[in-house]
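Undergrad: Next comes run.csv, CSV, C-alpha atoms:
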chain,number,residue,atom,x,y,z
A,1,MET,CA,0.0,0.0,0.0
A,2,SER,CA,1.4,3.4,-1.0
A,3,GLN,CA,2.0,6.0,1.7
A,4,GLU,CA,-0.6,8.3,0.1
A,5,VAL,CA,-3.3,5.6,0.2
A,6,LEU,CA,-2.3,4.8,3.8
A,7,ASN,CA,-2.6,8.5,4.8
A,8,ASP,CA,-6.0,8.8,3.1
A,9,SER,CA,-7.3,5.7,5.0
A,10,VAL,CA,-6.8,7.4,8.4
A,11,LYS,CA,-10.2,9.2,8.9
A,12,PRO,CA,-11.7,10.8,12.0
A,13,TYR,CA,-15.1,9.1,12.2
A,14,ASN,CA,-15.9,6.5,9.6
A,15,GLU,CA,-14.6,4.7,6.4
A,16,TYR,CA,-17.4,5.6,4.0
A,17,GLU,CA,-17.5,9.4,4.1
A,18,ASN,CA,-14.6,11.3,2.4
A,19,LYS,CA,-11.8,12.5,4.7
A,20,THR,CA,-12.1,16.2,3.9
A,21,ALA,CA,-15.8,16.4,4.9
A,22,GLN,CA,-15.0,14.6,8.2
A,23,LEU,CA,-12.1,16.9,8.9
A,24,ALA,CA,-14.1,20.0,8.3
A,25,ARG,CA,-16.6,18.7,10.8
A,26,LEU,CA,-13.9,17.8,13.3
A,27,PHE,CA,-12.1,21.1,13.2
A,28,ASN,CA,-15.3,23.2,13.3
A,29,LYS,CA,-16.2,21.2,16.4
A,30,ILE,CA,-12.9,21.6,18.3
A,31,SER,CA,-12.0,25.1,17.0
A,32,LYS,CA,-12.3,26.9,20.4
A,33,ARG,CA,-10.2,24.2,22.1
A,34,TYR,CA,-7.6,23.6,19.3
A,35,ASP,CA,-5.0,26.0,20.4
A,36,SER,CA,-5.0,24.6,24.0
A,37,PHE,CA,-4.8,21.1,22.6
A,38,ASN,CA,-1.9,22.0,20.3
A,39,ASP,CA,0.1,23.5,23.1
A,40,LEU,CA,-0.5,20.4,25.2
A,41,ILE,CA,0.4,17.8,22.6
A,42,SER,CA,3.5,19.8,21.5
A,43,TRP,CA,4.8,20.3,25.1
A,44,GLY,CA,4.4,24.0,24.5
A,45,MET,CA,7.1,23.9,21.8
A,46,ALA,CA,4.8,24.6,18.8
A,47,HIS,CA,5.5,28.3,18.9
A,48,LEU,CA,9.2,27.8,18.8
A,49,TRP,CA,9.0,25.3,16.0
A,50,ARG,CA,6.9,27.7,13.9
A,51,LYS,CA,9.3,30.6,14.6
A,52,LYS,CA,12.4,28.5,13.7
A,53,SER,CA,10.9,27.1,10.5
A,54,ILE,CA,9.6,30.5,9.3
A,55,SER,CA,13.1,32.0,9.8
A,56,TYR,CA,14.2,29.7,6.9
A,57,LEU,CA,12.3,32.0,4.5
A,58,LYS,CA,14.0,35.2,5.6
A,59,GLU,CA,16.8,34.9,3.1
A,60,SER,CA,14.3,34.8,0.1
A,61,GLY,CA,12.1,37.5,1.6
A,62,PRO,CA,8.8,36.5,0.1
A,63,LYS,CA,6.3,39.3,-0.5
A,64,LYS,CA,3.2,37.2,-1.3
A,65,ILE,CA,2.6,34.2,0.9
A,66,LEU,CA,-0.1,31.5,1.0
A,67,ASP,CA,-0.7,29.7,4.3
A,68,ILE,CA,-2.5,26.4,3.7
A,69,ALA,CA,-4.5,24.7,6.5
A,70,THR,CA,-4.2,28.0,8.2
A,71,GLY,CA,-6.5,27.0,11.0
A,72,THR,CA,-6.4,29.5,13.9
A,73,ALA,CA,-3.6,31.4,12.0
A,74,ASP,CA,-0.6,30.8,14.2
A,75,MET,CA,1.7,30.1,11.3
A,76,LEU,CA,0.3,33.0,9.4
A,77,ILE,CA,0.9,35.4,12.3
A,78,THR,CA,4.4,34.1,12.8
A,79,ALA,CA,5.1,34.8,9.1
A,80,CYS,CA,3.7,38.4,9.6
A,81,ASP,CA,6.0,38.8,12.6
A,82,LEU,CA,9.2,37.7,11.0
A,83,LEU,CA,8.8,38.2,7.3
A,84,HIS,CA,6.6,41.3,6.9
A,85,PRO,CA,5.1,40.2,3.6
A,86,GLU,CA,3.1,42.6,1.4
A,87,THR,CA,0.2,40.1,1.2
A,88,ILE,CA,-0.6,36.9,3.0
A,89,ILE,CA,-3.6,34.6,2.4
A,90,GLY,CA,-4.8,31.9,4.7
A,91,ILE,CA,-6.9,29.0,3.4
A,92,ASP,CA,-8.7,26.2,5.2
A,93,ILE,CA,-11.7,23.9,5.0
A,94,SER,CA,-12.8,24.8,8.5
A,95,GLU,CA,-14.8,28.1,8.7
A,96,GLU,CA,-14.8,28.1,12.6
A,97,MET,CA,-11.0,27.7,12.8
A,98,MET,CA,-10.5,30.7,10.4
A,99,LYS,CA,-13.0,32.8,12.4
A,100,ILE,CA,-10.7,32.5,15.4
A,101,GLY,CA,-7.7,33.1,13.2
A,102,GLU,CA,-9.2,36.3,11.8
A,103,HIS,CA,-9.9,37.6,15.3
A,104,LYS,CA,-6.2,36.9,16.4
A,105,VAL,CA,-4.9,38.7,13.3
A,106,LYS,CA,-7.0,41.7,13.9
A,107,LYS,CA,-5.6,42.0,17.4
A,108,LYS,CA,-1.9,41.4,16.5
A,109,HIS,CA,-1.6,42.7,12.9
A,110,PRO,CA,-4.6,45.0,12.1
A,111,ALA,CA,-2.8,46.9,9.4
A,112,THR,CA,-1.4,43.9,7.5
A,113,ASN,CA,-2.9,42.9,4.2
A,114,VAL,CA,-4.3,39.5,5.3
A,115,ARG,CA,-7.3,37.7,4.1
A,116,PHE,CA,-8.9,34.2,4.7
A,117,GLU,CA,-10.6,32.0,2.2
A,118,MET,CA,-12.5,28.7,2.4
A,119,GLN,CA,-10.5,26.5,-0.1
A,120,ASP,CA,-9.3,22.9,-0.4
A,121,ALA,CA,-5.6,22.6,-1.2
A,122,SER,CA,-6.3,20.0,-3.9
A,123,SER,CA,-8.3,22.4,-6.1
A,124,MET,CA,-7.3,26.0,-5.4
A,125,ASN,CA,-8.7,28.9,-7.5
A,126,PHE,CA,-5.5,31.0,-7.6
A,127,PRO,CA,-3.7,31.6,-11.0
A,128,ASP,CA,-0.5,29.9,-11.9
A,129,ASN,CA,2.7,31.4,-10.5
A,130,THR,CA,1.0,33.6,-7.9
A,131,PHE,CA,2.9,33.2,-4.6
A,132,ASP,CA,6.6,33.6,-3.6
A,133,ALA,CA,6.1,31.1,-0.7
A,134,VAL,CA,3.6,28.6,0.5
A,135,THR,CA,3.5,27.4,4.1
A,136,ILE,CA,1.7,24.7,6.0
A,137,SER,CA,2.1,23.8,9.6
A,138,PHE,CA,0.6,20.7,11.3
A,139,GLY,CA,-1.7,20.3,8.3
A,140,ILE,CA,-0.1,18.4,5.5
A,141,ARG,CA,-1.0,15.0,7.1
A,142,ASN,CA,-4.7,16.1,6.9
A,143,LEU,CA,-4.7,16.6,3.2
A,144,GLU,CA,-7.0,13.9,1.6
A,145,LYS,CA,-5.5,14.1,-1.9
A,146,LEU,CA,-1.9,14.5,-1.0
A,147,SER,CA,-0.1,14.3,-4.3
A,148,GLN,CA,-2.8,16.4,-6.1
A,149,SER,CA,-2.5,19.0,-3.3
A,150,ILE,CA,1.3,19.1,-3.7
A,151,LEU,CA,1.0,19.5,-7.4
A,152,GLU,CA,-1.5,22.4,-6.9
A,153,ILE,CA,1.0,24.0,-4.5
A,154,ASN,CA,3.7,23.7,-7.1
A,155,ARG,CA,1.3,25.3,-9.7
A,156,VAL,CA,0.5,28.4,-7.7
A,157,LEU,CA,4.1,29.0,-6.7
A,158,LYS,CA,6.2,31.4,-8.8
A,159,PRO,CA,9.3,29.9,-10.4
A,160,GLN,CA,11.9,29.2,-7.7
A,161,GLY,CA,9.2,29.9,-5.1
A,162,HIS,CA,9.5,28.1,-1.7
A,163,PHE,CA,7.3,25.6,0.0
A,164,LEU,CA,7.7,25.3,3.8
A,165,ILE,CA,6.3,22.4,5.7
A,166,LEU,CA,6.2,22.0,9.5
A,167,GLU,CA,4.7,18.7,10.7
A,168,VAL,CA,4.8,16.5,13.9
A,169,ASN,CA,6.1,13.0,13.8
A,170,GLN,CA,5.8,9.8,15.7
A,171,PRO,CA,9.3,8.4,16.5
A,172,GLN,CA,9.6,5.1,14.6
A,173,LYS,CA,11.4,2.9,17.1
A,174,GLY,CA,13.5,2.5,20.2
A,175,ILE,CA,13.4,4.4,23.5
A,176,LEU,CA,12.0,7.6,21.9
A,177,LEU,CA,9.0,5.7,20.6
A,178,PHE,CA,8.5,4.1,24.1
A,179,PHE,CA,8.5,7.4,25.9
A,180,TYR,CA,6.3,9.0,23.1
A,181,LYS,CA,3.6,6.4,23.7
A,182,ILE,CA,3.7,7.0,27.4
A,183,TYR,CA,3.4,10.7,26.8
A,184,LEU,CA,0.4,10.2,24.5
A,185,ARG,CA,-1.4,8.3,27.3
A,186,ILE,CA,-0.7,11.1,29.8
A,187,SER,CA,-1.7,13.7,27.2
A,188,PHE,CA,-5.1,11.9,26.8
A,189,LEU,CA,-5.8,12.2,30.5
A,190,PHE,CA,-5.1,15.9,30.4
A,191,SER,CA,-6.9,16.5,27.1
A,192,SER,CA,-10.1,14.7,28.0
A,193,LYS,CA,-11.8,18.0,28.8
A,194,LEU,CA,-10.6,19.4,25.5
A,195,LEU,CA,-11.4,16.6,23.0
A,196,ASP,CA,-13.5,13.6,22.6
A,197,LYS,CA,-11.7,10.3,22.5
A,198,SER,CA,-12.3,9.8,18.8
A,199,ASP,CA,-11.0,13.3,18.0
A,200,PHE,CA,-7.9,12.7,20.1
A,201,GLN,CA,-7.3,9.3,18.5
A,202,TYR,CA,-7.5,10.7,14.9
A,203,LEU,CA,-5.1,13.6,15.6
A,204,THR,CA,-2.5,11.4,17.3
A,205,THR,CA,-2.9,8.3,15.0
A,206,SER,CA,-2.4,10.5,11.9
A,207,MET,CA,1.0,11.6,13.2
A,208,GLY,CA,2.2,8.0,13.1
A,209,MET,CA,0.7,7.0,9.8
A,210,PHE,CA,1.9,10.0,7.8
A,211,PRO,CA,5.1,9.7,5.7
A,212,LYS,CA,8.1,11.5,7.2
A,213,GLY,CA,11.7,12.1,6.3
A,214,LYS,CA,12.9,10.5,3.1
A,215,GLN,CA,9.4,9.1,2.3
A,216,LEU,CA,7.8,12.6,2.2
A,217,ILE,CA,10.9,14.2,0.6
A,218,ASP,CA,10.7,11.6,-2.3
A,219,LEU,CA,7.0,12.3,-2.8
A,220,LEU,CA,7.7,16.1,-2.9
A,221,CYS,CA,10.5,15.6,-5.4
A,222,ASP,CA,8.2,13.5,-7.6
A,223,CYS,CA,5.9,16.6,-7.6
A,224,ASN,CA,8.6,18.9,-9.0
A,225,PHE,CA,10.2,20.2,-5.8
A,226,GLU,CA,13.8,20.2,-4.8
A,227,LEU,CA,14.8,20.0,-1.1
A,228,ILE,CA,16.7,22.9,0.3
A,229,ARG,CA,16.6,22.1,4.0
A,230,TYR,CA,15.3,19.3,6.3
A,231,LYS,CA,15.5,19.9,10.0
A,232,ARG,CA,14.2,17.7,12.9
A,233,PHE,CA,13.2,19.3,16.2
A,234,THR,CA,12.9,18.1,19.8
A,235,PHE,CA,13.9,14.4,19.7
A,236,ASP,CA,12.5,13.9,16.2
A,237,VAL,CA,8.8,14.7,17.2
A,238,CYS,CA,8.6,17.5,14.7
A,239,SER,CA,10.2,18.2,11.3
A,240,ALA,CA,10.6,21.2,9.0
A,241,TYR,CA,11.0,20.8,5.2
A,242,LEU,CA,12.0,23.8,3.0
A,243,LEU,CA,11.7,23.1,-0.7
A,244,ARG,CA,12.0,25.1,-3.9
A,245,LYS,CA,9.9,24.8,-7.0
A,246,ALA,CA,12.2,23.0,-9.5
A,247,THR,CA,12.9,24.4,-12.9
A,248,THR,CA,11.4,22.3,-15.7
What is this structure when it is put down as structure tokens?
TA:
Amino acid sequence: MSQEVLNDSVKPYNEYENKTAQLARLFNKISKRYDSFNDLISWGMAHLWRKKSISYLKESGPKKILDIATGTADMLITACDLLHPETIIGIDISEEMMKIGEHKVKKKHPATNVRFEMQDASSMNFPDNTFDAVTISFGIRNLEKLSQSILEINRVLKPQGHFLILEVNQPQKGILLFFYKIYLRISFLFSSKLLDKSDFQYLTTSMGMFPKGKQLIDLLCDCNFELIRYKRFTFDVCSAYLLRKATT
């Protein structure tokens, strides 16, 4: 079974309904509790991971940025803080998550040219060669049509544009995996007031099933990207990938 098929088979609620519809329902449901859950499950490190990964784009100085699976806009806000783009657009399939993101942006960056749109990454309505950079944090594992979405990202990027991915991982073996599983059990006890068991199970299971490292890099390169940087954070529980749109 291919990694993409395996990823698509991990769904929040049932096997017969498409993954995107289920995810929209899940994230609309947990939108008000998502930030608290994300801080809990990342040991409070998510903010540092975003800041470090966004810093990789400083050298290229992107002026027009697209943030995919923008959610409550933490990655988008970090990009505003560090990169000061002329325009940044956040897209997501969850309206409720973006409402929270819009509120946060108005408080922190009211004068910035930011807008939010309901869009699926696999079929975006932007013209070819629109963006200098595309970012996605803790969201690529939720894309139902992974290869199609990556090809769409490549399409909307300008020549030599950059694609930045930040994603959590499950350690694959050894003592790190042992302690990771213990941590998930403890996290579930603390998150029981934030999420239902089925929601927690999807969010954590998808971490382990999603391709990481070389597997993901190979998939990205097959979709006309070239790797610039690959960095693992905090005992390999999070990874950043910086890629460039390859010349054809």
Undergrad: As an exercise, work out the distance from atom CA of A:Thr72 to atom CA of A:Glu226 in Å and give it to one decimal place.
TA: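 Those two atoms sit 29.1 Å apart.
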Undergrad: Which is closer to A:Arg232 than all the others in A:Ser60, A:Lys197, A:Arg115, A:Trp49, using all atoms listed in the file?
TA: A:Trp49
Undergrad: With all atoms listed in the file as the basis for distance, which of A:Gly161, A:Gly101, A:Gly44, A:Pro127 is at the shortest distance from A:Ile65?
TA: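 Under the stated criterion, the closest residue is A:Gly161.
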Undergrad: So how far away is atom CA of A:Lys19 from atom CA of A:Glu144, in Å?
TA: 5.9 Å
Undergrad: Give me the residues near stretch 27-34 of chain A as a PyMOL selection string, where near means some atom within 8 Å (using only C-alpha atoms) and where sequence neighbours in that chain fewer than 4 positions away do not count.
TA: chain A and resi 23+38+72+94-97+100+194-195
Undergrad: So which one's closest to A:Asn154, A:Tyr16, A:Ser239, A:Ala133, A:Arg141? Using all atoms listed in the file, please.
TA: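 Closest to A:Asn154 of all the choices is A:Ala133.
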Undergrad: Every residue with an atom at most 9 Å from (9.9, 20.8, 13.1) (file coordinates; only C-alpha atoms) is what I'm after, so could you write them as a list in words?
TA: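 Taken together, the residues in range are Ala46, Trp49, Arg50, Lys52, Ser53, Ile165, Leu166, Glu167, Val168, Asn169, Tyr230, Lys231, Arg232, Phe233, Thr234, Asp236, Val237, Cys238, Ser239, Ala240 and Tyr241 of chain A.
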Undergrad: Give me the residues near A:Glu59 as a list in words, where near means some atom within 12 Å (using only C-alpha atoms) and where sequence neighbours in that chain fewer than 4 positions away do not count.
TA: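 So the residues in contact are Ile54, Ser55, Lys63, Leu82, Leu83, Ala133 and His162 of chain A.
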Undergrad: Of the candidates A:Leu203, A:Val105, A:Leu216, A:Ile91, which one gets nearest to A:Ser147 if we count only C-alpha atoms?
TA: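 Comparing A:Leu203, A:Val105, A:Leu216, A:Ile91 against A:Ser147, the winner is A:Leu216.
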Undergrad: Taking only C-alpha atoms into account, name the residue in A:Gly213, A:Gly139, A:Gly61, A:Gly71 that is nearest to A:Gln170.
TA: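 Selected residue with least distance to A:Gln170: A:Gly213.
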Undergrad: One decimal, in Å: what's the spacing between atom CA of A:Ile228 and atom CA of A:Met124?
TA: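 Going from atom CA of A:Ile228 over to atom CA of A:Met124 covers 24.9 Å.
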Undergrad: Which residue gives the smallest distance to A:Tyr13 among A:Thr247, A:Ser198, A:Asn113, A:Thr130, with all atoms listed in the file counted?
TA: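 So, comparing all the options, the nearest one is A:Ser198.
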